[in-house]
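Note: the block below is my_file12.cif and it holds mmCIF, C-alpha atoms.
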```cif
data_start
#
loop_
_atom_site.label_atom_id
_atom_site.label_comp_id
_atom_site.auth_asym_id
_atom_site.auth_seq_id
_atom_site.Cartn_x
_atom_site.Cartn_y
_atom_site.Cartn_z
CA MET W 1 -79.53 -14.81 -90.02
CA ILE W 2 -80.03 -12.45 -92.96
CA LEU W 3 -77.74 -13.06 -95.87
CA ALA W 4 -77.61 -11.06 -99.11
CA VAL W 5 -76.28 -12.23 -102.45
CA ALA W 6 -75.09 -9.29 -104.55
CA SER W 7 -72.74 -8.53 -107.41
CA GLY W 8 -71.60 -5.55 -109.35
CA LYS W 9 -72.06 -7.13 -112.74
CA GLY W 10 -75.37 -8.64 -113.79
CA GLY W 11 -75.55 -12.27 -114.87
CA THR W 12 -72.74 -13.55 -112.65
CA GLY W 13 -74.96 -16.02 -110.78
CA LYS W 14 -76.68 -14.25 -107.87
CA THR W 15 -79.92 -16.15 -108.36
CA THR W 16 -78.06 -19.40 -109.01
CA VAL W 17 -76.24 -19.02 -105.69
CA SER W 18 -79.20 -17.82 -103.62
CA ALA W 19 -81.75 -20.35 -104.92
CA ASN W 20 -79.35 -23.30 -104.75
CA LEU W 21 -78.16 -22.32 -101.29
CA ALA W 22 -81.76 -22.03 -100.08
CA ARG W 23 -82.58 -25.50 -101.47
CA ALA W 24 -79.37 -27.12 -100.22
CA LEU W 25 -80.06 -26.05 -96.63
CA GLU W 26 -82.90 -28.58 -96.43
CA GLU W 27 -84.36 -26.66 -93.48
CA LYS W 28 -87.11 -24.06 -93.70
CA THR W 29 -85.60 -21.07 -95.45
CA GLN W 30 -86.84 -17.76 -96.78
CA LEU W 31 -85.65 -16.59 -100.16
CA LEU W 32 -86.41 -12.95 -100.93
CA ASP W 33 -85.97 -11.91 -104.54
CA CYS W 34 -85.24 -8.18 -104.21
CA ASP W 35 -84.62 -7.66 -107.92
CA VAL W 36 -88.14 -6.26 -108.26
CA GLU W 37 -87.51 -4.93 -111.76
CA GLU W 38 -86.94 -8.44 -113.05
CA PRO W 39 -87.53 -11.12 -110.44
CA ASN W 40 -86.38 -14.54 -111.66
CA ALA W 41 -85.86 -16.86 -108.68
CA HIS W 42 -89.42 -18.20 -109.09
CA LEU W 43 -88.46 -19.60 -112.50
CA PHE W 44 -86.22 -22.17 -110.79
CA LEU W 45 -88.43 -22.99 -107.81
CA HIS W 46 -91.76 -23.77 -109.51
CA GLY W 47 -93.55 -22.98 -106.25
CA LYS W 48 -97.21 -22.63 -105.44
CA LYS W 49 -98.41 -19.06 -105.06
CA LEU W 50 -99.72 -18.43 -101.57
CA ASP W 51 -100.34 -14.71 -101.56
CA SER W 52 -100.23 -11.52 -103.58
CA THR W 53 -100.39 -8.06 -102.00
CA THR W 54 -100.64 -4.69 -103.73
CA ILE W 55 -98.03 -2.18 -102.59
CA ASN W 56 -98.76 1.54 -102.58
CA ILE W 57 -96.68 4.54 -101.66
CA ALA W 58 -98.03 7.71 -100.11
CA VAL W 59 -97.91 10.56 -102.60
CA PRO W 60 -99.02 14.10 -101.74
CA LYS W 61 -102.43 15.62 -102.40
CA VAL W 62 -102.74 19.39 -102.06
CA ASP W 63 -105.72 21.42 -100.86
CA ALA W 64 -105.24 24.44 -103.12
CA SER W 65 -107.78 26.49 -101.15
CA ILE W 66 -105.49 26.78 -98.12
CA CYS W 67 -102.07 26.68 -99.88
CA THR W 68 -100.23 30.01 -99.71
CA GLY W 69 -97.66 29.08 -102.37
CA CYS W 70 -94.74 29.37 -99.93
CA ASN W 71 -92.90 26.43 -101.62
CA ALA W 72 -91.74 24.92 -98.30
CA CYS W 73 -92.70 21.58 -99.87
CA GLY W 74 -90.71 22.21 -103.07
CA THR W 75 -87.66 23.34 -101.10
CA PHE W 76 -87.83 20.19 -98.98
CA CYS W 77 -88.37 17.67 -101.78
CA GLU W 78 -85.03 16.25 -102.92
CA TYR W 79 -86.64 14.75 -106.05
CA SER W 80 -88.65 17.70 -107.42
CA ALA W 81 -91.85 15.70 -107.06
CA ILE W 82 -93.65 18.78 -105.78
CA ILE W 83 -92.90 22.39 -106.62
CA SER W 84 -94.67 25.71 -106.23
CA PHE W 85 -94.14 28.91 -108.15
CA GLY W 86 -96.04 31.22 -105.84
CA LYS W 87 -99.33 29.39 -106.11
CA ALA W 88 -100.62 25.88 -105.39
CA PRO W 89 -97.82 23.40 -106.16
CA ILE W 90 -97.72 21.12 -109.17
CA LEU W 91 -97.10 17.44 -108.54
CA PHE W 92 -94.96 14.87 -110.34
CA PRO W 93 -96.12 11.63 -108.63
CA GLU W 94 -93.70 9.48 -110.67
CA MET W 95 -90.79 11.31 -109.02
CA CYS W 96 -92.19 10.89 -105.49
CA HIS W 97 -90.31 8.51 -103.19
CA GLY W 98 -93.19 8.54 -100.69
CA CYS W 99 -91.18 9.97 -97.77
CA GLY W 100 -94.05 12.17 -96.57
CA GLY W 101 -91.69 15.09 -95.88
CA CYS W 102 -93.75 17.65 -97.80
CA MET W 103 -96.76 16.90 -95.61
CA LYS W 104 -94.69 17.51 -92.49
CA VAL W 105 -93.08 20.79 -93.60
CA CYS W 106 -96.25 22.43 -94.96
CA PRO W 107 -97.05 25.26 -92.49
CA GLN W 108 -100.68 25.33 -93.68
CA HIS W 109 -101.19 21.54 -93.37
CA ALA W 110 -102.51 21.74 -96.92
CA ILE W 111 -100.90 18.44 -97.99
CA THR W 112 -102.41 15.06 -97.23
CA GLU W 113 -101.59 11.53 -98.34
CA SER W 114 -102.99 9.77 -101.32
CA GLU W 115 -101.98 6.31 -102.41
CA LYS W 116 -100.14 5.42 -105.60
CA ARG W 117 -99.75 1.78 -106.56
CA ILE W 118 -96.17 0.75 -107.44
CA GLY W 119 -96.33 -3.03 -107.66
CA THR W 120 -97.06 -6.29 -105.87
CA VAL W 121 -95.37 -8.58 -103.37
CA GLU W 122 -96.00 -12.27 -103.98
CA THR W 123 -95.29 -15.29 -101.80
CA PHE W 124 -94.68 -18.84 -103.04
CA GLN W 125 -93.91 -22.13 -101.31
CA SER W 126 -91.50 -24.56 -102.94
CA GLU W 127 -90.51 -27.52 -100.73
CA ASN W 128 -88.38 -26.07 -97.91
CA ILE W 129 -88.29 -22.58 -99.44
CA THR W 130 -90.70 -19.72 -98.84
CA LEU W 131 -90.07 -17.39 -101.74
CA VAL W 132 -91.10 -13.74 -101.51
CA HIS W 133 -90.64 -11.48 -104.48
CA GLY W 134 -91.60 -7.99 -105.56
CA ARG W 135 -92.89 -7.21 -109.01
CA ILE W 136 -92.77 -3.54 -109.91
CA ASP W 137 -95.48 -2.14 -112.19
CA VAL W 138 -94.51 -1.30 -115.77
CA GLY W 139 -93.61 2.39 -115.97
CA VAL W 140 -92.71 2.74 -112.29
CA ALA W 141 -89.06 3.76 -111.98
CA MET W 142 -88.69 3.53 -108.23
CA ALA W 143 -87.68 0.18 -106.81
CA PRO W 144 -86.61 0.95 -103.19
CA PRO W 145 -90.08 1.29 -101.60
CA LEU W 146 -91.10 -2.05 -103.13
CA ILE W 147 -87.84 -3.69 -102.02
CA ASN W 148 -88.56 -2.47 -98.50
CA ALA W 149 -92.01 -4.06 -98.74
CA VAL W 150 -90.35 -7.36 -99.71
CA LYS W 151 -87.90 -7.03 -96.80
CA LYS W 152 -90.75 -6.44 -94.35
CA CYS W 153 -91.66 -10.11 -94.92
CA ILE W 154 -88.37 -11.31 -93.38
CA GLY W 155 -89.22 -13.60 -90.47
CA SER W 156 -87.01 -14.27 -87.48
CA ASP W 157 -87.52 -18.01 -87.20
CA MET W 158 -85.55 -19.15 -90.26
CA PRO W 159 -82.56 -18.07 -92.33
CA ALA W 160 -83.35 -15.37 -94.89
CA ILE W 161 -81.46 -15.16 -98.18
CA LEU W 162 -81.83 -11.93 -100.16
CA ASP W 163 -81.20 -12.07 -103.90
CA ALA W 164 -80.10 -8.48 -104.66
CA PRO W 165 -80.46 -6.59 -107.93
CA PRO W 166 -77.21 -6.09 -109.87
CA GLY W 167 -75.16 -2.91 -109.67
CA THR W 168 -74.30 -0.63 -106.77
CA SER W 169 -77.12 1.94 -106.84
CA CYS W 170 -80.17 2.68 -104.62
CA PRO W 171 -82.00 -0.66 -105.12
CA VAL W 172 -78.89 -2.59 -104.06
CA ILE W 173 -78.19 -0.34 -101.06
CA THR W 174 -81.84 -0.74 -99.99
CA THR W 175 -81.47 -4.53 -100.23
CA LEU W 176 -78.21 -4.61 -98.24
CA ARG W 177 -79.31 -2.44 -95.33
CA LYS W 178 -79.38 -4.35 -92.03
CA VAL W 179 -78.19 -7.67 -93.44
CA ASP W 180 -75.68 -9.75 -91.46
CA TYR W 181 -73.49 -10.83 -94.33
CA VAL W 182 -73.01 -10.29 -98.06
CA LEU W 183 -71.84 -12.74 -100.69
CA LEU W 184 -70.49 -11.01 -103.78
CA VAL W 185 -70.80 -13.24 -106.83
CA THR W 186 -68.44 -12.55 -109.71
CA GLU W 187 -66.95 -14.24 -112.73
CA PRO W 188 -63.22 -14.34 -113.56
CA THR W 189 -63.40 -11.89 -116.46
CA PRO W 190 -62.28 -8.25 -116.83
CA PHE W 191 -65.92 -7.07 -116.59
CA GLY W 192 -66.48 -9.28 -113.56
CA LEU W 193 -63.41 -7.81 -111.87
CA HIS W 194 -64.28 -4.21 -112.68
CA ASP W 195 -67.78 -4.44 -111.24
CA LEU W 196 -66.62 -6.58 -108.32
CA SER W 197 -64.26 -3.80 -107.26
CA LEU W 198 -67.20 -1.34 -107.25
CA ALA W 199 -69.28 -3.77 -105.20
CA VAL W 200 -66.40 -4.25 -102.74
CA ASP W 201 -66.17 -0.46 -102.25
CA MET W 202 -69.93 -0.43 -101.61
CA VAL W 203 -70.04 -3.15 -98.95
CA ARG W 204 -66.96 -1.68 -97.24
CA GLU W 205 -68.74 1.69 -97.12
CA LEU W 206 -71.75 -0.06 -95.55
CA SER W 207 -69.46 -1.93 -93.10
CA ILE W 208 -71.05 -5.31 -93.76
CA PRO W 209 -68.87 -8.44 -93.52
CA PHE W 210 -68.53 -10.08 -96.92
CA SER W 211 -66.72 -12.60 -99.06
CA VAL W 212 -66.54 -13.47 -102.73
CA ILE W 213 -67.92 -16.36 -104.76
CA VAL W 214 -66.23 -16.90 -108.10
CA ASN W 215 -68.61 -18.49 -110.59
CA ARG W 216 -67.59 -20.20 -113.83
CA VAL W 217 -64.02 -20.79 -112.69
CA GLY W 218 -62.02 -21.90 -115.71
CA ILE W 219 -63.02 -19.10 -118.06
CA GLY W 220 -61.29 -15.72 -118.25
CA ASP W 221 -58.12 -15.05 -116.34
CA GLU W 222 -56.54 -14.93 -112.87
CA ARG W 223 -57.15 -11.26 -112.13
CA VAL W 224 -60.18 -11.72 -109.86
CA HIS W 225 -58.20 -14.14 -107.69
CA THR W 226 -55.19 -11.79 -107.62
CA PHE W 227 -57.43 -8.84 -106.68
CA CYS W 228 -59.02 -10.77 -103.79
CA GLN W 229 -55.59 -11.83 -102.54
CA GLN W 230 -54.25 -8.27 -102.68
CA GLU W 231 -57.34 -6.86 -100.97
CA ASP W 232 -57.39 -9.63 -98.37
CA ILE W 233 -60.92 -10.69 -99.36
CA PRO W 234 -61.79 -14.34 -98.73
CA ILE W 235 -63.00 -16.36 -101.73
CA ILE W 236 -65.55 -18.45 -99.87
CA MET W 237 -66.63 -20.64 -102.79
CA GLU W 238 -65.73 -21.44 -106.38
CA ILE W 239 -68.23 -22.83 -108.88
CA PRO W 240 -66.58 -24.48 -111.86
CA ASP W 241 -67.46 -23.66 -115.45
CA ASP W 242 -69.42 -26.90 -115.88
CA ARG W 243 -71.56 -27.21 -119.01
CA ARG W 244 -74.02 -29.41 -117.12
CA ILE W 245 -74.82 -26.49 -114.78
CA ALA W 246 -75.71 -24.33 -117.78
CA GLU W 247 -77.85 -27.13 -119.20
CA ALA W 248 -79.78 -27.51 -115.93
CA TYR W 249 -80.21 -23.73 -115.75
CA SER W 250 -81.57 -23.62 -119.29
CA ARG W 251 -84.21 -26.16 -118.28
CA GLY W 252 -85.18 -24.06 -115.24
CA GLU W 253 -83.72 -26.62 -112.84
CA LEU W 254 -81.71 -25.98 -109.73
CA MET W 255 -78.09 -27.13 -109.85
CA VAL W 256 -78.38 -28.96 -106.51
CA ASP W 257 -81.42 -30.91 -107.77
CA ALA W 258 -80.02 -31.78 -111.20
CA LEU W 259 -76.44 -32.38 -110.04
CA PRO W 260 -76.61 -33.52 -106.39
CA GLU W 261 -72.81 -33.61 -106.17
CA TYR W 262 -72.93 -29.81 -105.86
CA LYS W 263 -75.22 -29.87 -102.85
CA LYS W 264 -72.36 -30.26 -100.40
CA LEU W 265 -70.60 -27.24 -101.92
CA PHE W 266 -73.56 -25.07 -100.86
CA GLN W 267 -73.99 -26.75 -97.48
CA ASP W 268 -70.30 -26.12 -96.76
CA LEU W 269 -70.77 -22.52 -97.89
CA PHE W 270 -73.48 -21.99 -95.30
CA GLU W 271 -71.33 -23.44 -92.52
CA LYS W 272 -68.45 -21.17 -93.52
CA ILE W 273 -70.72 -18.11 -93.52
CA LYS W 274 -71.96 -18.99 -90.03
CA LYS W 275 -68.35 -19.12 -88.83
CA GLU W 276 -67.50 -15.85 -90.57
CA ILE W 277 -70.44 -14.12 -88.89
CA GLN W 278 -69.32 -15.41 -85.50
CA VAL W 279 -65.78 -14.14 -86.15
CA ASN W 280 -67.12 -10.77 -87.24
CA ALA W 281 -69.77 -10.48 -84.53
CA PRO W 282 -67.58 -8.77 -81.87
CA ALA W 283 -66.59 -6.11 -84.39
CA LEU W 284 -70.26 -5.34 -85.07
CA ASN W 285 -71.18 -4.78 -81.43
CA MET R 1 -87.77 41.37 -119.70
CA LYS R 2 -85.31 38.47 -119.40
CA ILE R 3 -85.02 35.45 -121.69
CA ALA R 4 -83.12 32.26 -120.80
CA PHE R 5 -81.31 30.51 -123.66
CA THR R 6 -79.88 27.02 -123.22
CA VAL R 7 -76.16 27.15 -124.06
CA SER R 8 -72.97 25.17 -123.85
CA GLY R 9 -70.70 28.25 -124.00
CA ASP R 10 -70.34 31.68 -122.42
CA THR R 11 -71.01 34.13 -125.26
CA LEU R 12 -73.79 35.16 -127.62
CA GLU R 13 -71.93 33.25 -130.34
CA ALA R 14 -72.09 30.02 -128.30
CA PRO R 15 -74.22 27.20 -129.74
CA LEU R 16 -77.84 27.04 -128.60
CA ASP R 17 -78.01 23.75 -126.67
CA SER R 18 -80.85 21.54 -127.90
CA ARG R 19 -81.56 20.17 -124.40
CA PHE R 20 -83.49 22.07 -121.75
CA GLY R 21 -83.31 19.96 -118.58
CA ARG R 22 -79.74 18.92 -119.20
CA ALA R 23 -78.42 22.14 -120.70
CA PRO R 24 -74.96 22.83 -119.20
CA LYS R 25 -75.70 26.57 -118.81
CA PHE R 26 -78.32 29.24 -119.32
CA LEU R 27 -77.53 32.54 -120.99
CA VAL R 28 -79.98 34.97 -119.42
CA TYR R 29 -80.44 37.93 -121.75
CA ASP R 30 -81.98 41.15 -120.48
CA LEU R 31 -83.83 42.86 -123.34
CA ASP R 32 -84.19 46.09 -121.36
CA ASN R 33 -80.46 46.87 -121.19
CA ALA R 34 -79.05 44.48 -123.81
CA SER R 35 -76.82 42.70 -121.27
CA PHE R 36 -76.56 39.05 -120.30
CA GLU R 37 -75.33 36.77 -117.56
CA ILE R 38 -74.35 33.09 -117.58
CA VAL R 39 -76.02 30.75 -115.07
CA ASP R 40 -74.43 27.37 -114.48
CA ASN R 41 -76.72 24.29 -114.70
CA GLU R 42 -74.03 21.61 -114.30
CA GLN R 43 -75.85 20.08 -111.32
CA ASN R 44 -78.86 19.20 -113.45
CA LEU R 45 -76.70 18.00 -116.33
CA ASN R 46 -75.73 15.09 -114.09
CA ALA R 47 -79.04 14.60 -112.25
CA ALA R 48 -80.45 11.07 -112.42
CA GLN R 49 -84.04 12.31 -112.45
CA GLY R 50 -85.97 15.55 -112.29
CA ALA R 51 -83.52 17.55 -114.42
CA GLY R 52 -86.29 19.30 -116.37
CA ILE R 53 -88.19 20.37 -113.25
CA GLN R 54 -85.07 21.64 -111.50
CA SER R 55 -83.89 23.47 -114.60
CA ALA R 56 -87.29 25.14 -114.78
CA GLN R 57 -86.89 26.22 -111.17
CA LYS R 58 -83.45 27.61 -111.95
CA VAL R 59 -84.83 29.59 -114.90
CA VAL R 60 -87.59 31.01 -112.71
CA GLU R 61 -84.99 32.06 -110.12
CA THR R 62 -83.15 34.11 -112.76
CA GLY R 63 -86.28 36.18 -113.29
CA SER R 64 -86.64 35.02 -116.90
CA THR R 65 -90.16 35.00 -118.28
CA ALA R 66 -89.28 33.16 -121.50
CA VAL R 67 -87.08 30.22 -122.47
CA VAL R 68 -85.51 29.56 -125.87
CA THR R 69 -84.22 26.02 -126.30
CA GLY R 70 -84.07 23.14 -128.77
CA HIS R 71 -86.50 20.71 -127.18
CA CYS R 72 -88.59 20.58 -124.04
CA GLY R 73 -89.72 17.44 -122.19
CA PRO R 74 -93.10 16.92 -120.47
CA ASN R 75 -92.09 17.65 -116.85
CA ALA R 76 -90.12 20.76 -117.79
CA PHE R 77 -93.06 21.95 -119.88
CA ARG R 78 -95.51 21.52 -117.00
CA ALA R 79 -93.20 23.26 -114.54
CA LEU R 80 -92.45 26.23 -116.85
CA ASN R 81 -96.14 26.56 -117.64
CA ALA R 82 -97.02 26.60 -113.95
CA ALA R 83 -94.51 29.42 -113.49
CA SER R 84 -95.99 31.29 -116.51
CA VAL R 85 -92.68 31.12 -118.38
CA LYS R 86 -93.15 31.08 -122.17
CA ILE R 87 -91.33 28.31 -124.06
CA TYR R 88 -89.92 28.80 -127.55
CA THR R 89 -88.15 26.01 -129.42
CA SER R 90 -85.68 26.86 -132.13
CA GLU R 91 -83.19 25.14 -134.37
CA ALA R 92 -80.99 28.25 -134.51
CA SER R 93 -77.30 27.38 -134.30
CA THR R 94 -76.23 30.20 -131.94
CA VAL R 95 -77.81 32.26 -129.19
CA ALA R 96 -77.33 35.43 -131.26
CA GLU R 97 -79.23 33.85 -134.14
CA ALA R 98 -82.06 32.72 -131.84
CA LEU R 99 -82.20 36.15 -130.23
CA ALA R 100 -82.50 37.81 -133.65
CA LEU R 101 -85.34 35.43 -134.53
CA TYR R 102 -87.06 36.25 -131.24
CA ARG R 103 -86.74 39.99 -131.84
CA ASP R 104 -88.20 39.58 -135.32
CA GLY R 105 -91.12 37.67 -133.85
CA LYS R 106 -90.16 34.60 -135.83
CA LEU R 107 -90.09 32.17 -132.90
CA SER R 108 -93.36 30.45 -132.14
CA GLU R 109 -94.44 29.42 -128.70
CA ALA R 110 -94.40 25.69 -127.98
CA GLY R 111 -97.88 24.31 -127.37
CA GLY R 112 -96.64 21.22 -125.53
CA SER R 113 -93.60 19.11 -124.88
CA ASP R 114 -91.99 17.90 -128.11
CA VAL R 115 -89.86 15.08 -126.70
CA GLU R 116 -90.22 12.34 -124.05
CA GLY R 117 -88.35 12.63 -120.75
CA HIS R 118 -84.72 11.36 -120.85
CA TRP R 119 -84.72 11.73 -124.65
CA VAL R 120 -80.95 12.09 -124.99
#
```
Written as structure tokens, how would this file's structure read?
Amino acid sequence: MILAVASGKGGTGKTTVSANLARALEEKTQLLDCDVEEPNAHLFLHGKKLDSTTINIAVPKVDASICTGCNACGTFCEYSAIISFGKAPILFPEMCHGCGGCMKVCPQHAITESEKRIGTVETFQSENITLVHGRIDVGVAMAPPLINAVKKCIGSDMPAILDAPPGTSCPVITTLRKVDYVLLVTEPTPFGLHDLSLAVDMVRELSIPFSVIVNRVGIGDERVHTFCQQEDIPIIMEIPDDRRIAEAYSRGELMVDALPEYKKLFQDLFEKIKKEIQVNAPALN
Amino acid sequence: MKIAFTVSGDTLEAPLDSRFGRAPKFLVYDLDNASFEIVDNEQNLNAAQGAGIQSAQKVVETGSTAVVTGHCGPNAFRALNAASVKIYTSEASTVAEALALYRDGKLSEAGGSDVEGHWV
């Protein structure tokens, strides 16, 4: 089972939910921190690093001696990473998404691959959790290829929990592709509601079954609950606004370790998700 | 010879836009017959990335061999240079004013980009 934890708004508790759920399962579980621009799950797991792999993308290299300056490459490239004005093209490697399209469309076969490093993928072990995270290099503005490298580590023999980046743009879409279920974490505030509604539109567009977790229940107002009721979205879990949770968090401790009474909340969550996936399964086939 | 001015309006009296990549429009002035046309650049105004490069491409498509703008970022500079388009930066308030300065030879050619990408 591949489960993603996303949100519209940042700071609503995606990492809190994904790391605590992974720990509460007590069975071997993979946690994949897909927020490669600022991975943070490792701060709560204190795991031992097992592996670190450099991730490159294929950027074009042009043989100017056989280029005719036809600009087939520039016309193809959606990101203006390569462009020709009647002579050998100029390259903007930082814009390149590494799709390899320019190499395929070049009638002269003048374009070959060269590698550009974008970051690393690291693996840690912390008790029952195998944590995989991506760490993008400073100055690299393109997260999706690195997120895909993190997702390649998903194994089939244990549940995988993906901690998504915030927002609703490319890095989040990349994270959510091909997952079985999405948990949208929000907080009961006007900002939480606004960004939740964007995230709901996104997962509906992607046709992935989902439900909502409301974190810090007790602050804000009732509008998130009203919205979910009106939109017929199940609220699968509520986490109270408990000062002790914040205190544990500030010490870099997991809620389920510091406050074992919350462990069952996460175990129940997992059982409910399993049921939801079974209910939704016929619709997916 | 044609010159592309970055503008936010449709006339010679329109303000010279200080941005190149994210200029809303280009006023393409033809020195040979003293006429001009307006080329929309709205698409690049809202581009997440690559606005400078795509604006440069648009300028090249108009047949312009010079650009007059407020500031020019590094990618736009490289692209315009590759297309042999001259780049002039000016603080003139209107296109007409910038055009007069150009005609008087008072605009100097930019030797490099003068702002970082995504500067506004």
d(CA of Val68 in chain R, CA of Ala4 in chain R) in Å: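 Distance between the two atoms: 6.2 Å.
Selection by the PyMOL selection byres ((chain W) within 7 of (chain R)) on the present file picks out Tyr79, Ser80 and Phe85 of chain W.
With distances restricted to all atoms listed in the file, W:Val36 is the closest residue to Ala143 in chain W from W:Val36, W:Thr123, W:Met158, W:Met95.
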Answer key for the PyMOL selection byres ((chain W and resi 164) around 7), residues as an MDAnalysis selection string: chainID W and resid 4:6 33:35 162:163 165:166 172 175
As JSON, please report the centre and edge lengths, rounded to one decimal in Å, of the axis-aligned box that holds all listed atoms of range 15-19 of chain R with 8 Å of padding on each of the six sides.
```
{"center_x": -77.9, "center_y": 23.7, "center_z": -127.1, "size_x": 23.3, "size_y": 23.0, "size_z": 21.3}
```
Excluding Asn33 in chain R and any residue of its chain fewer than 4 positions from it, enumerate the residues within 10 Å of it, using all atoms listed in the file, and give them as a PDB file with C-alpha atoms, in the coordinates of the input.
```
ATOM      1  CA  MET R   1     -87.770  41.370-119.700  1.00  0.00           C
ATOM      2  CA  LYS R   2     -85.310  38.470-119.400  1.00  0.00           C
ATOM      3  CA  TYR R  29     -80.440  37.930-121.750  1.00  0.00           C
TER       4      TYR R  29
END
```
List as an mmCIF file with C-alpha atoms, in the coordinates of the input the residues having at least one atom at most 10 Å from position (-74.4, 35.7, -129.5) as given in the file, counting all atoms listed in the file.
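Okay, part06.cif is ready:
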```cif
data_model
loop_
_atom_site.group_PDB
_atom_site.id
_atom_site.type_symbol
_atom_site.label_atom_id
_atom_site.label_comp_id
_atom_site.auth_asym_id
_atom_site.auth_seq_id
_atom_site.Cartn_x
_atom_site.Cartn_y
_atom_site.Cartn_z
ATOM 1 C CA GLY R 9 -70.700 28.250 -124.000
ATOM 2 C CA ASP R 10 -70.340 31.680 -122.420
ATOM 3 C CA THR R 11 -71.010 34.130 -125.260
ATOM 4 C CA LEU R 12 -73.790 35.160 -127.620
ATOM 5 C CA GLU R 13 -71.930 33.250 -130.340
ATOM 6 C CA ALA R 14 -72.090 30.020 -128.300
ATOM 7 C CA PRO R 15 -74.220 27.200 -129.740
ATOM 8 C CA LEU R 16 -77.840 27.040 -128.600
ATOM 9 C CA LEU R 27 -77.530 32.540 -120.990
ATOM 10 C CA THR R 94 -76.230 30.200 -131.940
ATOM 11 C CA VAL R 95 -77.810 32.260 -129.190
ATOM 12 C CA ALA R 96 -77.330 35.430 -131.260
ATOM 13 C CA GLU R 97 -79.230 33.850 -134.140
ATOM 14 C CA ALA R 98 -82.060 32.720 -131.840
ATOM 15 C CA LEU R 99 -82.200 36.150 -130.230
ATOM 16 C CA ALA R 100 -82.500 37.810 -133.650
#
```
Selection under test: the PyMOL selection byres ((chain W and resi 105) around 8); residues as a ChimeraX atom specification: /W:72-73,76,101-104,106-107
Residue neighbourhood Cys99 in chain W, 10 Å, only C-alpha atoms, exclusion window fewer than 4 positions, as a list of chain:residue names: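 So the residues in contact are W:Ile57, W:Ala58, W:Val59, W:Pro60, W:Cys77, W:Met103, W:Lys104, W:Pro145.
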Report as a short mmCIF file (atom, residue, chain, number, x, y, z; two decimals) with C-alpha atoms, keeping the file's coordinate frame all protein, DNA and RNA residues lying within 6 Å of Glu238 in chain W, evaluated on only C-alpha atoms, omitting residues in the same chain fewer than 6 positions from it.
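Ended up saving to out_1.cif:
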```
data_model
loop_
_atom_site.label_atom_id
_atom_site.label_comp_id
_atom_site.auth_asym_id
_atom_site.auth_seq_id
_atom_site.Cartn_x
_atom_site.Cartn_y
_atom_site.Cartn_z
CA ILE W 213 -67.92 -16.36 -104.76
CA VAL W 214 -66.23 -16.90 -108.10
CA ASN W 215 -68.61 -18.49 -110.59
#
```
Name the residues, using the chain letters and numbers of the file, that sit within 8 Å of (-77.5, -23.6, -100.7) when counting all atoms listed in the file, and give them as a PDB file with C-alpha atoms, in the frame of the given file.
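Printed below is part.pdb as written:
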```pdb
ATOM      1  CA  VAL W  17     -76.240 -19.020-105.690  1.00  0.00           C
ATOM      2  CA  SER W  18     -79.200 -17.820-103.620  1.00  0.00           C
ATOM      3  CA  ALA W  19     -81.750 -20.350-104.920  1.00  0.00           C
ATOM      4  CA  ASN W  20     -79.350 -23.300-104.750  1.00  0.00           C
ATOM      5  CA  LEU W  21     -78.160 -22.320-101.290  1.00  0.00           C
ATOM      6  CA  ALA W  22     -81.760 -22.030-100.080  1.00  0.00           C
ATOM      7  CA  ARG W  23     -82.580 -25.500-101.470  1.00  0.00           C
ATOM      8  CA  ALA W  24     -79.370 -27.120-100.220  1.00  0.00           C
ATOM      9  CA  LEU W  25     -80.060 -26.050 -96.630  1.00  0.00           C
ATOM     10  CA  VAL W 256     -78.380 -28.960-106.510  1.00  0.00           C
ATOM     11  CA  LYS W 263     -75.220 -29.870-102.850  1.00  0.00           C
ATOM     12  CA  LEU W 265     -70.600 -27.240-101.920  1.00  0.00           C
ATOM     13  CA  PHE W 266     -73.560 -25.070-100.860  1.00  0.00           C
ATOM     14  CA  GLN W 267     -73.990 -26.750 -97.480  1.00  0.00           C
ATOM     15  CA  LEU W 269     -70.770 -22.520 -97.890  1.00  0.00           C
ATOM     16  CA  PHE W 270     -73.480 -21.990 -95.300  1.00  0.00           C
TER      17      PHE W 270
END
```
Which residue of R:Gly112, R:Gly70, R:Gly21, R:Gly63 approaches Asn46 in chain R most closely, using all atoms listed in the file: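 Closest candidate: R:Gly21.
Coordinates place CA of Pro234 in chain W at a distance of 29.5 Å from CA of Pro144 in chain W.
Take CA of Ile219 in chain W and CA of Gly10 in chain W: the distance between them is 16.7 Å.
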Distance criterion (only C-alpha atoms): nearest to Leu206 in chain W out of W:Thr174, W:Ser7, W:Asn71, W:Asn40: W:Thr174
Quick one: residues within 6 Å of Ile111 in chain W, all atoms listed in the file, excluding same-chain residues fewer than 2 positions away - as a tab-separated table (two decimals) with C-alpha atoms, in the coordinates of the input?
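What ended up in out16.tsv:
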```tsv
chain	number	residue	atom	x	y	z
W	61	LYS	CA	-102.43	15.62	-102.40
W	62	VAL	CA	-102.74	19.39	-102.06
W	103	MET	CA	-96.76	16.90	-95.61
W	109	HIS	CA	-101.19	21.54	-93.37
```
All residues 8 Å or closer to Val212 in chain W, all atoms listed in the file, same chain fewer than 3 positions away omitted, as a PyMOL selection string: chain W and resi 183-186+233-237
For Lys86 in chain R, the nearest of the candidates R:Ile3, R:Arg103, R:Asp17, R:Asp32, counting all atoms listed in the file: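 The answer is R:Ile3, which sits nearest to Lys86 in chain R.
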